[in-house]
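As provided, run-v1.cif (mmCIF, N, CA and C atoms) reads as follows.
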```cif
data_upload
loop_
_atom_site.label_atom_id
_atom_site.label_comp_id
_atom_site.auth_asym_id
_atom_site.auth_seq_id
_atom_site.Cartn_x
_atom_site.Cartn_y
_atom_site.Cartn_z
N MET O 6 74.82 42.14 57.58
CA MET O 6 76.10 42.01 56.95
C MET O 6 75.94 41.51 55.52
N ARG O 7 75.10 40.57 55.30
CA ARG O 7 74.87 40.01 53.98
C ARG O 7 74.29 41.07 53.04
N ALA O 8 73.42 41.92 53.56
CA ALA O 8 72.83 42.97 52.73
C ALA O 8 73.92 43.92 52.23
N GLY O 9 74.91 44.21 53.08
CA GLY O 9 76.03 45.06 52.66
C GLY O 9 76.80 44.46 51.51
N ALA O 10 76.97 43.15 51.52
CA ALA O 10 77.69 42.47 50.44
C ALA O 10 76.93 42.59 49.13
N VAL O 11 75.61 42.50 49.19
CA VAL O 11 74.79 42.63 47.99
C VAL O 11 74.91 44.04 47.43
N VAL O 12 74.87 45.04 48.28
CA VAL O 12 75.00 46.42 47.83
C VAL O 12 76.37 46.63 47.19
N HIS O 13 77.42 46.08 47.80
CA HIS O 13 78.76 46.21 47.23
C HIS O 13 78.82 45.58 45.84
N LYS O 14 78.21 44.41 45.70
CA LYS O 14 78.21 43.72 44.42
C LYS O 14 77.48 44.54 43.37
N ARG O 15 76.34 45.11 43.71
CA ARG O 15 75.60 45.94 42.76
C ARG O 15 76.40 47.17 42.37
N THR O 16 77.10 47.77 43.33
CA THR O 16 77.93 48.93 43.03
C THR O 16 79.04 48.55 42.05
N SER O 17 79.68 47.41 42.26
CA SER O 17 80.73 46.95 41.35
C SER O 17 80.18 46.71 39.96
N VAL O 18 79.01 46.10 39.88
CA VAL O 18 78.38 45.86 38.57
C VAL O 18 78.04 47.19 37.92
N GLY O 19 77.58 48.16 38.72
CA GLY O 19 77.27 49.49 38.19
C GLY O 19 78.49 50.16 37.59
N TRP O 20 79.64 50.08 38.29
CA TRP O 20 80.87 50.66 37.76
C TRP O 20 81.32 49.95 36.50
N LEU O 21 81.14 48.65 36.46
CA LEU O 21 81.50 47.89 35.26
C LEU O 21 80.68 48.38 34.07
N GLY O 22 79.39 48.60 34.30
CA GLY O 22 78.53 49.13 33.23
C GLY O 22 78.98 50.49 32.75
N VAL O 23 79.36 51.36 33.69
CA VAL O 23 79.84 52.69 33.32
C VAL O 23 81.12 52.60 32.50
N VAL O 24 82.04 51.75 32.93
CA VAL O 24 83.31 51.58 32.20
C VAL O 24 83.05 51.02 30.80
N LEU O 25 82.19 50.03 30.69
CA LEU O 25 81.88 49.47 29.37
C LEU O 25 81.23 50.50 28.46
N ALA O 26 80.29 51.26 28.99
CA ALA O 26 79.62 52.28 28.19
C ALA O 26 80.62 53.33 27.71
N ALA O 27 81.52 53.75 28.59
CA ALA O 27 82.53 54.74 28.22
C ALA O 27 83.45 54.18 27.14
N SER O 28 83.82 52.90 27.25
CA SER O 28 84.69 52.27 26.25
C SER O 28 84.03 52.24 24.88
N VAL O 29 82.75 51.89 24.84
CA VAL O 29 82.01 51.86 23.57
C VAL O 29 81.96 53.25 22.96
N MET O 30 81.73 54.26 23.78
CA MET O 30 81.68 55.62 23.27
C MET O 30 83.04 56.05 22.72
N LEU O 31 84.12 55.70 23.41
CA LEU O 31 85.45 56.05 22.92
C LEU O 31 85.78 55.34 21.62
N ILE O 32 85.46 54.06 21.55
CA ILE O 32 85.75 53.29 20.33
C ILE O 32 84.94 53.83 19.17
N SER O 33 83.64 54.06 19.35
CA SER O 33 82.82 54.57 18.25
C SER O 33 83.26 55.97 17.87
N GLY O 34 83.72 56.77 18.83
CA GLY O 34 84.21 58.10 18.52
C GLY O 34 85.48 58.05 17.69
N CYS O 35 86.29 57.03 17.88
CA CYS O 35 87.52 56.89 17.10
C CYS O 35 87.22 56.54 15.66
N MET O 36 86.10 55.92 15.41
CA MET O 36 85.76 55.55 14.05
C MET O 36 85.49 56.80 13.23
N GLY O 37 85.02 57.84 13.88
CA GLY O 37 84.86 59.11 13.21
C GLY O 37 83.48 59.34 12.65
N SER O 38 83.24 60.57 12.41
CA SER O 38 82.01 61.02 11.80
C SER O 38 82.39 62.17 10.89
N ILE O 39 81.80 62.21 9.74
CA ILE O 39 82.13 63.27 8.80
C ILE O 39 80.86 63.91 8.28
N ASP O 40 80.99 65.10 7.78
CA ASP O 40 79.88 65.81 7.18
C ASP O 40 79.61 65.16 5.81
N PRO O 41 78.39 64.68 5.58
CA PRO O 41 78.11 64.01 4.31
C PRO O 41 78.42 64.87 3.08
N ASP O 42 78.30 66.19 3.22
CA ASP O 42 78.60 67.08 2.09
C ASP O 42 80.09 67.13 1.78
N GLU O 43 80.92 66.70 2.74
CA GLU O 43 82.37 66.72 2.56
C GLU O 43 82.92 65.39 2.04
N VAL O 44 82.06 64.40 1.86
CA VAL O 44 82.51 63.07 1.44
C VAL O 44 83.07 63.04 0.02
N PRO O 45 82.39 63.62 -0.98
CA PRO O 45 82.92 63.51 -2.35
C PRO O 45 84.35 64.04 -2.46
N GLY O 46 85.13 63.34 -3.28
CA GLY O 46 86.51 63.75 -3.50
C GLY O 46 87.36 62.56 -3.88
N VAL O 47 88.64 62.80 -3.97
CA VAL O 47 89.61 61.77 -4.34
C VAL O 47 90.42 61.41 -3.10
N TYR O 48 90.48 60.11 -2.81
CA TYR O 48 91.22 59.58 -1.67
C TYR O 48 92.32 58.68 -2.20
N ARG O 49 93.51 58.79 -1.61
CA ARG O 49 94.64 58.00 -2.10
C ARG O 49 95.46 57.41 -0.96
N ASN O 50 96.14 56.32 -1.32
CA ASN O 50 97.19 55.76 -0.48
C ASN O 50 98.36 55.57 -1.44
N ASP O 51 99.28 56.52 -1.45
CA ASP O 51 100.39 56.51 -2.40
C ASP O 51 101.29 55.30 -2.22
N LYS O 52 101.46 54.84 -0.99
CA LYS O 52 102.32 53.68 -0.74
C LYS O 52 101.77 52.44 -1.43
N MET O 53 100.45 52.28 -1.39
CA MET O 53 99.80 51.12 -2.00
C MET O 53 99.43 51.36 -3.47
N GLY O 54 99.49 52.61 -3.92
CA GLY O 54 99.08 52.94 -5.29
C GLY O 54 97.57 52.90 -5.46
N SER O 55 96.83 53.10 -4.38
CA SER O 55 95.37 53.01 -4.39
C SER O 55 94.73 54.38 -4.57
N GLU O 56 93.59 54.39 -5.27
CA GLU O 56 92.83 55.62 -5.41
C GLU O 56 91.33 55.30 -5.40
N LEU O 57 90.58 56.15 -4.73
CA LEU O 57 89.12 56.04 -4.67
C LEU O 57 88.53 57.40 -4.98
N ARG O 58 87.66 57.42 -5.99
CA ARG O 58 86.98 58.66 -6.36
C ARG O 58 85.51 58.54 -5.98
N LEU O 59 85.08 59.38 -5.04
CA LEU O 59 83.68 59.43 -4.65
C LEU O 59 83.09 60.69 -5.28
N GLU O 60 82.24 60.50 -6.27
CA GLU O 60 81.66 61.62 -7.01
C GLU O 60 80.41 62.16 -6.30
N SER O 61 80.12 63.43 -6.51
CA SER O 61 78.97 64.06 -5.87
C SER O 61 77.64 63.52 -6.38
N ASP O 62 77.64 62.83 -7.54
CA ASP O 62 76.40 62.25 -8.05
C ASP O 62 76.10 60.88 -7.45
N GLY O 63 76.92 60.43 -6.49
CA GLY O 63 76.68 59.15 -5.82
C GLY O 63 77.35 57.96 -6.47
N THR O 64 78.24 58.19 -7.44
CA THR O 64 78.99 57.09 -8.06
C THR O 64 80.41 57.10 -7.51
N PHE O 65 81.09 55.97 -7.69
CA PHE O 65 82.49 55.88 -7.26
C PHE O 65 83.27 55.00 -8.21
N ALA O 66 84.58 55.18 -8.20
CA ALA O 66 85.50 54.31 -8.94
C ALA O 66 86.73 54.09 -8.05
N ALA O 67 87.14 52.84 -7.92
CA ALA O 67 88.30 52.47 -7.11
C ALA O 67 89.34 51.83 -8.02
N THR O 68 90.59 52.23 -7.84
CA THR O 68 91.70 51.70 -8.63
C THR O 68 92.78 51.18 -7.69
N SER O 69 93.18 49.93 -7.91
CA SER O 69 94.25 49.29 -7.12
C SER O 69 94.00 49.37 -5.62
N VAL O 70 92.75 49.18 -5.22
CA VAL O 70 92.40 49.23 -3.80
C VAL O 70 92.43 47.82 -3.24
N THR O 71 93.14 47.64 -2.14
CA THR O 71 93.22 46.34 -1.48
C THR O 71 92.14 46.29 -0.42
N THR O 72 91.13 45.47 -0.66
CA THR O 72 90.05 45.31 0.31
C THR O 72 90.12 43.96 0.99
N ASP O 73 90.92 43.06 0.47
CA ASP O 73 91.05 41.74 1.07
C ASP O 73 92.51 41.32 0.95
N GLU O 74 92.87 40.68 -0.13
CA GLU O 74 94.26 40.25 -0.31
C GLU O 74 94.94 40.93 -1.49
N ASN O 75 94.24 41.00 -2.61
CA ASN O 75 94.84 41.52 -3.83
C ASN O 75 94.23 42.86 -4.22
N PRO O 76 95.03 43.76 -4.79
CA PRO O 76 94.48 45.03 -5.27
C PRO O 76 93.44 44.77 -6.36
N ALA O 77 92.40 45.58 -6.37
CA ALA O 77 91.33 45.41 -7.36
C ALA O 77 90.84 46.76 -7.84
N ASP O 78 90.29 46.75 -9.04
CA ASP O 78 89.60 47.91 -9.60
C ASP O 78 88.12 47.57 -9.59
N PHE O 79 87.29 48.49 -9.11
CA PHE O 79 85.84 48.27 -9.10
C PHE O 79 85.14 49.61 -9.06
N HIS O 80 83.84 49.59 -9.35
CA HIS O 80 83.07 50.83 -9.38
C HIS O 80 81.63 50.53 -8.97
N GLY O 81 80.86 51.61 -8.83
CA GLY O 81 79.45 51.46 -8.46
C GLY O 81 78.88 52.74 -7.91
N THR O 82 78.01 52.60 -6.91
CA THR O 82 77.39 53.75 -6.28
C THR O 82 77.72 53.76 -4.79
N TRP O 83 77.62 54.93 -4.18
CA TRP O 83 77.91 55.05 -2.75
C TRP O 83 76.80 55.85 -2.07
N GLU O 84 76.66 55.60 -0.77
CA GLU O 84 75.74 56.39 0.04
C GLU O 84 76.31 56.52 1.45
N TYR O 85 76.07 57.68 2.04
CA TYR O 85 76.50 57.95 3.40
C TYR O 85 75.46 57.39 4.35
N VAL O 86 75.88 56.63 5.35
CA VAL O 86 74.97 56.03 6.32
C VAL O 86 75.26 56.63 7.70
N ASP O 87 74.28 57.36 8.21
CA ASP O 87 74.40 57.97 9.54
C ASP O 87 73.83 57.00 10.54
N SER O 88 74.71 56.33 11.30
CA SER O 88 74.25 55.32 12.25
C SER O 88 73.66 55.94 13.50
N GLY O 89 73.89 57.23 13.70
CA GLY O 89 73.36 57.91 14.87
C GLY O 89 74.15 57.66 16.13
N ALA O 90 75.16 56.80 16.09
CA ALA O 90 75.94 56.48 17.29
C ALA O 90 77.41 56.86 17.12
N GLY O 91 77.72 57.69 16.14
CA GLY O 91 79.10 58.11 15.94
C GLY O 91 79.90 57.16 15.08
N GLY O 92 79.34 56.04 14.67
CA GLY O 92 80.03 55.09 13.82
C GLY O 92 79.52 55.16 12.40
N ASP O 93 79.37 56.38 11.88
CA ASP O 93 78.86 56.56 10.53
C ASP O 93 79.80 55.89 9.53
N PHE O 94 79.25 55.52 8.37
CA PHE O 94 80.09 54.91 7.35
C PHE O 94 79.54 55.23 5.97
N ILE O 95 80.32 54.91 4.97
CA ILE O 95 79.94 55.08 3.58
C ILE O 95 79.77 53.69 3.01
N TYR O 96 78.59 53.41 2.44
CA TYR O 96 78.34 52.08 1.88
C TYR O 96 78.55 52.14 0.37
N LEU O 97 79.44 51.30 -0.11
CA LEU O 97 79.73 51.21 -1.54
C LEU O 97 79.01 49.99 -2.11
N THR O 98 78.14 50.21 -3.08
CA THR O 98 77.49 49.11 -3.79
C THR O 98 78.31 48.85 -5.04
N VAL O 99 78.94 47.69 -5.10
CA VAL O 99 79.84 47.33 -6.19
C VAL O 99 79.02 46.76 -7.34
N GLU O 100 79.29 47.27 -8.54
CA GLU O 100 78.57 46.82 -9.74
C GLU O 100 79.46 45.93 -10.61
N ASP O 101 78.82 45.16 -11.45
CA ASP O 101 79.50 44.33 -12.47
C ASP O 101 80.49 43.33 -11.89
N ASP O 102 80.19 42.75 -10.75
CA ASP O 102 81.06 41.74 -10.13
C ASP O 102 82.50 42.21 -9.97
N GLY O 103 82.67 43.49 -9.67
CA GLY O 103 84.01 44.06 -9.53
C GLY O 103 84.84 43.41 -8.44
N LEU O 104 84.18 42.82 -7.42
CA LEU O 104 84.91 42.14 -6.36
C LEU O 104 84.42 40.70 -6.21
N GLY O 105 84.02 40.11 -7.32
CA GLY O 105 83.56 38.73 -7.27
C GLY O 105 82.24 38.61 -6.56
N MET O 106 82.21 37.87 -5.48
CA MET O 106 80.97 37.62 -4.74
C MET O 106 80.57 38.79 -3.84
N ILE O 107 81.44 39.76 -3.64
CA ILE O 107 81.12 40.88 -2.76
C ILE O 107 80.30 41.91 -3.53
N ALA O 108 79.08 42.19 -3.05
CA ALA O 108 78.20 43.14 -3.72
C ALA O 108 78.28 44.52 -3.08
N GLY O 109 78.77 44.59 -1.85
CA GLY O 109 78.86 45.87 -1.16
C GLY O 109 79.96 45.84 -0.13
N ILE O 110 80.42 47.01 0.22
CA ILE O 110 81.53 47.12 1.17
C ILE O 110 81.38 48.41 1.96
N GLN O 111 81.84 48.40 3.21
CA GLN O 111 81.74 49.57 4.05
C GLN O 111 83.07 50.30 4.10
N LEU O 112 82.98 51.61 4.08
CA LEU O 112 84.13 52.49 4.12
C LEU O 112 83.94 53.39 5.34
N TYR O 113 84.91 53.40 6.26
CA TYR O 113 84.74 54.13 7.51
C TYR O 113 85.66 55.34 7.59
N PRO O 114 85.13 56.48 8.02
CA PRO O 114 86.01 57.62 8.30
C PRO O 114 86.87 57.27 9.51
N SER O 115 88.15 57.60 9.45
CA SER O 115 89.03 57.27 10.58
C SER O 115 89.85 58.48 11.00
N GLY O 116 89.34 59.64 10.72
CA GLY O 116 90.03 60.87 11.08
C GLY O 116 89.68 61.93 10.07
N SER O 117 90.30 63.05 10.21
CA SER O 117 90.03 64.16 9.31
C SER O 117 90.51 63.80 7.90
N ASP O 118 89.59 63.70 6.97
CA ASP O 118 89.88 63.40 5.57
C ASP O 118 90.55 62.06 5.33
N THR O 119 90.32 61.09 6.19
CA THR O 119 90.90 59.76 6.04
C THR O 119 89.80 58.72 6.15
N VAL O 120 89.85 57.70 5.29
CA VAL O 120 88.88 56.61 5.32
C VAL O 120 89.61 55.27 5.22
N GLU O 121 88.93 54.21 5.66
CA GLU O 121 89.51 52.87 5.54
C GLU O 121 88.41 51.88 5.20
N PHE O 122 88.76 50.92 4.39
CA PHE O 122 87.83 49.85 4.01
C PHE O 122 87.76 48.82 5.11
N ARG O 123 86.60 48.22 5.23
CA ARG O 123 86.42 47.09 6.15
C ARG O 123 85.50 46.09 5.45
N PRO O 124 86.07 45.23 4.59
CA PRO O 124 85.23 44.26 3.90
C PRO O 124 84.51 43.35 4.88
N ASP O 125 85.14 43.09 6.01
CA ASP O 125 84.54 42.33 7.09
C ASP O 125 84.42 43.30 8.26
N PRO O 126 83.19 43.76 8.60
CA PRO O 126 83.04 44.76 9.66
C PRO O 126 83.68 44.35 10.99
N ASP O 127 83.85 43.05 11.22
CA ASP O 127 84.47 42.59 12.45
C ASP O 127 85.98 42.35 12.29
N GLY O 128 86.46 42.45 11.06
CA GLY O 128 87.86 42.18 10.80
C GLY O 128 88.71 43.44 10.88
N PRO O 129 90.00 43.28 10.66
CA PRO O 129 90.91 44.43 10.74
C PRO O 129 90.73 45.35 9.54
N PRO O 130 91.00 46.64 9.72
CA PRO O 130 90.90 47.56 8.58
C PRO O 130 92.04 47.35 7.61
N THR O 131 91.82 47.75 6.38
CA THR O 131 92.88 47.72 5.37
C THR O 131 93.56 49.09 5.40
N PRO O 132 94.60 49.29 4.61
CA PRO O 132 95.30 50.58 4.66
C PRO O 132 94.37 51.78 4.45
N LYS O 133 94.72 52.87 5.09
CA LYS O 133 93.92 54.09 5.03
C LYS O 133 94.14 54.83 3.72
N LEU O 134 93.09 55.52 3.28
CA LEU O 134 93.16 56.38 2.13
C LEU O 134 92.92 57.81 2.62
N THR O 135 93.71 58.75 2.13
CA THR O 135 93.62 60.14 2.58
C THR O 135 93.13 61.01 1.43
N LYS O 136 92.20 61.90 1.76
CA LYS O 136 91.65 62.80 0.76
C LYS O 136 92.74 63.76 0.28
N VAL O 137 92.80 63.93 -1.04
CA VAL O 137 93.80 64.83 -1.62
C VAL O 137 93.11 66.09 -2.10
N ALA O 138 93.88 67.16 -2.19
CA ALA O 138 93.33 68.43 -2.64
C ALA O 138 92.90 68.34 -4.09
N ALA O 139 91.82 69.02 -4.40
CA ALA O 139 91.33 69.03 -5.78
C ALA O 139 92.34 69.72 -6.67
N PRO O 140 92.53 69.18 -7.90
CA PRO O 140 93.53 69.78 -8.81
C PRO O 140 93.14 71.16 -9.27
#
```
Mind converting the file's structure to structure tokens?
Amino acid sequence: MRAGAVVHKRTSVGWLGVVLAASVMLISGCMGSIDPDEVPGVYRNDKMGSELRLESDGTFAATSVTTDENPADFHGTWEYVDSGAGGDFIYLTVEDDGLGMIAGIQLYPSGSDTVEFRPDPDGPPTPKLTKVAAP
């Protein structure tokens, strides 16, 4: 009888592992993955008046982008980081103290042609920016 209880407990733990693994896959899938060749372009949030230009030469410029509390203008270089687990992101290296003590920031795809800043990877995302058609 006791052996049956142990088997039941192991089965429950096994199901818990399956549920947790599925949850992680769903969450990482929601973060999105994009084709690195499709990253360059202009992203905007008209409500916030924010614009981010990711150039094909690996440079970027951000205007009125809220990454923490106040809108800021900053620039630097960017690179696409393929995490291999579906949680790919774009790393922005900020130059000239554009954000004070922050030297880099992560930008996450959150859908088709949409990205969001996460100055604190464990914190909440800031407003989304949507890619606009080239003029």
Write out as a PDB file with N, CA and C atoms, in the coordinates of the input each polymer residue whose atoms come within 8 Å of region 50-61 of chain O, counting only C-alpha atoms; drop sequence neighbours fewer than 5 positions from it.
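out11.pdb was written with the following content:
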```
ATOM      1  N   VAL O  44      82.060  64.400   1.860  1.00  0.00           N
ATOM      2  CA  VAL O  44      82.510  63.070   1.440  1.00  0.00           C
ATOM      3  C   VAL O  44      83.070  63.040   0.020  1.00  0.00           C
ATOM      4  N   PRO O  45      82.390  63.620  -0.980  1.00  0.00           N
ATOM      5  CA  PRO O  45      82.920  63.510  -2.350  1.00  0.00           C
ATOM      6  C   PRO O  45      84.350  64.040  -2.460  1.00  0.00           C
ATOM      7  N   ALA O  66      84.580  55.180  -8.200  1.00  0.00           N
ATOM      8  CA  ALA O  66      85.500  54.310  -8.940  1.00  0.00           C
ATOM      9  C   ALA O  66      86.730  54.090  -8.050  1.00  0.00           C
ATOM     10  N   ALA O  67      87.140  52.840  -7.920  1.00  0.00           N
ATOM     11  CA  ALA O  67      88.300  52.470  -7.110  1.00  0.00           C
ATOM     12  C   ALA O  67      89.340  51.830  -8.020  1.00  0.00           C
ATOM     13  N   THR O  68      90.590  52.230  -7.840  1.00  0.00           N
ATOM     14  CA  THR O  68      91.700  51.700  -8.630  1.00  0.00           C
ATOM     15  C   THR O  68      92.780  51.180  -7.690  1.00  0.00           C
ATOM     16  N   SER O  69      93.180  49.930  -7.910  1.00  0.00           N
ATOM     17  CA  SER O  69      94.250  49.290  -7.120  1.00  0.00           C
ATOM     18  C   SER O  69      94.000  49.370  -5.620  1.00  0.00           C
ATOM     19  N   VAL O  70      92.750  49.180  -5.220  1.00  0.00           N
ATOM     20  CA  VAL O  70      92.400  49.230  -3.800  1.00  0.00           C
ATOM     21  C   VAL O  70      92.430  47.820  -3.240  1.00  0.00           C
ATOM     22  N   THR O  71      93.140  47.640  -2.140  1.00  0.00           N
ATOM     23  CA  THR O  71      93.220  46.340  -1.480  1.00  0.00           C
ATOM     24  C   THR O  71      92.140  46.290  -0.420  1.00  0.00           C
ATOM     25  N   TRP O  83      77.620  54.930  -4.180  1.00  0.00           N
ATOM     26  CA  TRP O  83      77.910  55.050  -2.750  1.00  0.00           C
ATOM     27  C   TRP O  83      76.800  55.850  -2.070  1.00  0.00           C
ATOM     28  N   PRO O 132      94.600  49.290   4.610  1.00  0.00           N
ATOM     29  CA  PRO O 132      95.300  50.580   4.660  1.00  0.00           C
ATOM     30  C   PRO O 132      94.370  51.780   4.450  1.00  0.00           C
ATOM     31  N   LYS O 133      94.720  52.870   5.090  1.00  0.00           N
ATOM     32  CA  LYS O 133      93.920  54.090   5.030  1.00  0.00           C
ATOM     33  C   LYS O 133      94.140  54.830   3.720  1.00  0.00           C
ATOM     34  N   LEU O 134      93.090  55.520   3.280  1.00  0.00           N
ATOM     35  CA  LEU O 134      93.160  56.380   2.130  1.00  0.00           C
ATOM     36  C   LEU O 134      92.920  57.810   2.620  1.00  0.00           C
ATOM     37  N   THR O 135      93.710  58.750   2.130  1.00  0.00           N
ATOM     38  CA  THR O 135      93.620  60.140   2.580  1.00  0.00           C
ATOM     39  C   THR O 135      93.130  61.010   1.430  1.00  0.00           C
TER      40      THR O 135
END
```
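For the pair CA of Asp87 (chain O) and CA of Arg123 (chain O), the interatomic distance is 16.6 Å.
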Between O:Ile39, O:Val47, O:Val120, O:Val137, which residue has the minimum interatomic distance to Gly89 (chain O), considering only C-alpha atoms?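 For Gly89 (chain O), the nearest of the candidates is O:Ile39.
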What is the distance between CA of Phe122 (chain O) and CA of Gly46 (chain O), in Å to one decimal?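 Taking CA of Phe122 (chain O) as the start and CA of Gly46 (chain O) as the end point, the length is 15.9 Å.
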Using the chain letters and numbers from the file, give me the residues hit by the PyMOL selection byres ((chain O and resi 97) around 6), as an mmCIF file with N, CA and C atoms, in the frame of the given file.
```cif
data_model
loop_
_atom_site.group_PDB
_atom_site.id
_atom_site.type_symbol
_atom_site.label_atom_id
_atom_site.label_comp_id
_atom_site.auth_asym_id
_atom_site.auth_seq_id
_atom_site.Cartn_x
_atom_site.Cartn_y
_atom_site.Cartn_z
ATOM 1 N N THR O 82 78.010 52.600 -6.910
ATOM 2 C CA THR O 82 77.390 53.750 -6.280
ATOM 3 C C THR O 82 77.720 53.760 -4.790
ATOM 4 N N TRP O 83 77.620 54.930 -4.180
ATOM 5 C CA TRP O 83 77.910 55.050 -2.750
ATOM 6 C C TRP O 83 76.800 55.850 -2.070
ATOM 7 N N GLU O 84 76.660 55.600 -0.770
ATOM 8 C CA GLU O 84 75.740 56.390 0.040
ATOM 9 C C GLU O 84 76.310 56.520 1.450
ATOM 10 N N ILE O 95 80.320 54.910 4.970
ATOM 11 C CA ILE O 95 79.940 55.080 3.580
ATOM 12 C C ILE O 95 79.770 53.690 3.010
ATOM 13 N N TYR O 96 78.590 53.410 2.440
ATOM 14 C CA TYR O 96 78.340 52.080 1.880
ATOM 15 C C TYR O 96 78.550 52.140 0.370
ATOM 16 N N THR O 98 78.140 50.210 -3.080
ATOM 17 C CA THR O 98 77.490 49.110 -3.790
ATOM 18 C C THR O 98 78.310 48.850 -5.040
ATOM 19 N N VAL O 99 78.940 47.690 -5.100
ATOM 20 C CA VAL O 99 79.840 47.330 -6.190
ATOM 21 C C VAL O 99 79.020 46.760 -7.340
ATOM 22 N N ALA O 108 79.080 42.190 -3.050
ATOM 23 C CA ALA O 108 78.200 43.140 -3.720
ATOM 24 C C ALA O 108 78.280 44.520 -3.080
ATOM 25 N N GLY O 109 78.770 44.590 -1.850
ATOM 26 C CA GLY O 109 78.860 45.870 -1.160
ATOM 27 C C GLY O 109 79.960 45.840 -0.130
ATOM 28 N N ILE O 110 80.420 47.010 0.220
ATOM 29 C CA ILE O 110 81.530 47.120 1.170
ATOM 30 C C ILE O 110 81.380 48.410 1.960
ATOM 31 N N GLN O 111 81.840 48.400 3.210
ATOM 32 C CA GLN O 111 81.740 49.570 4.050
ATOM 33 C C GLN O 111 83.070 50.300 4.100
ATOM 34 N N LEU O 112 82.980 51.610 4.080
ATOM 35 C CA LEU O 112 84.130 52.490 4.120
ATOM 36 C C LEU O 112 83.940 53.390 5.340
#
```
Provide the CA of Phe65 (chain O) to atom C of Phe79 (chain O) distance in Å, to one decimal place.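 Atom C of Phe79 (chain O) lies at a distance of 7.0 Å from CA of Phe65 (chain O).
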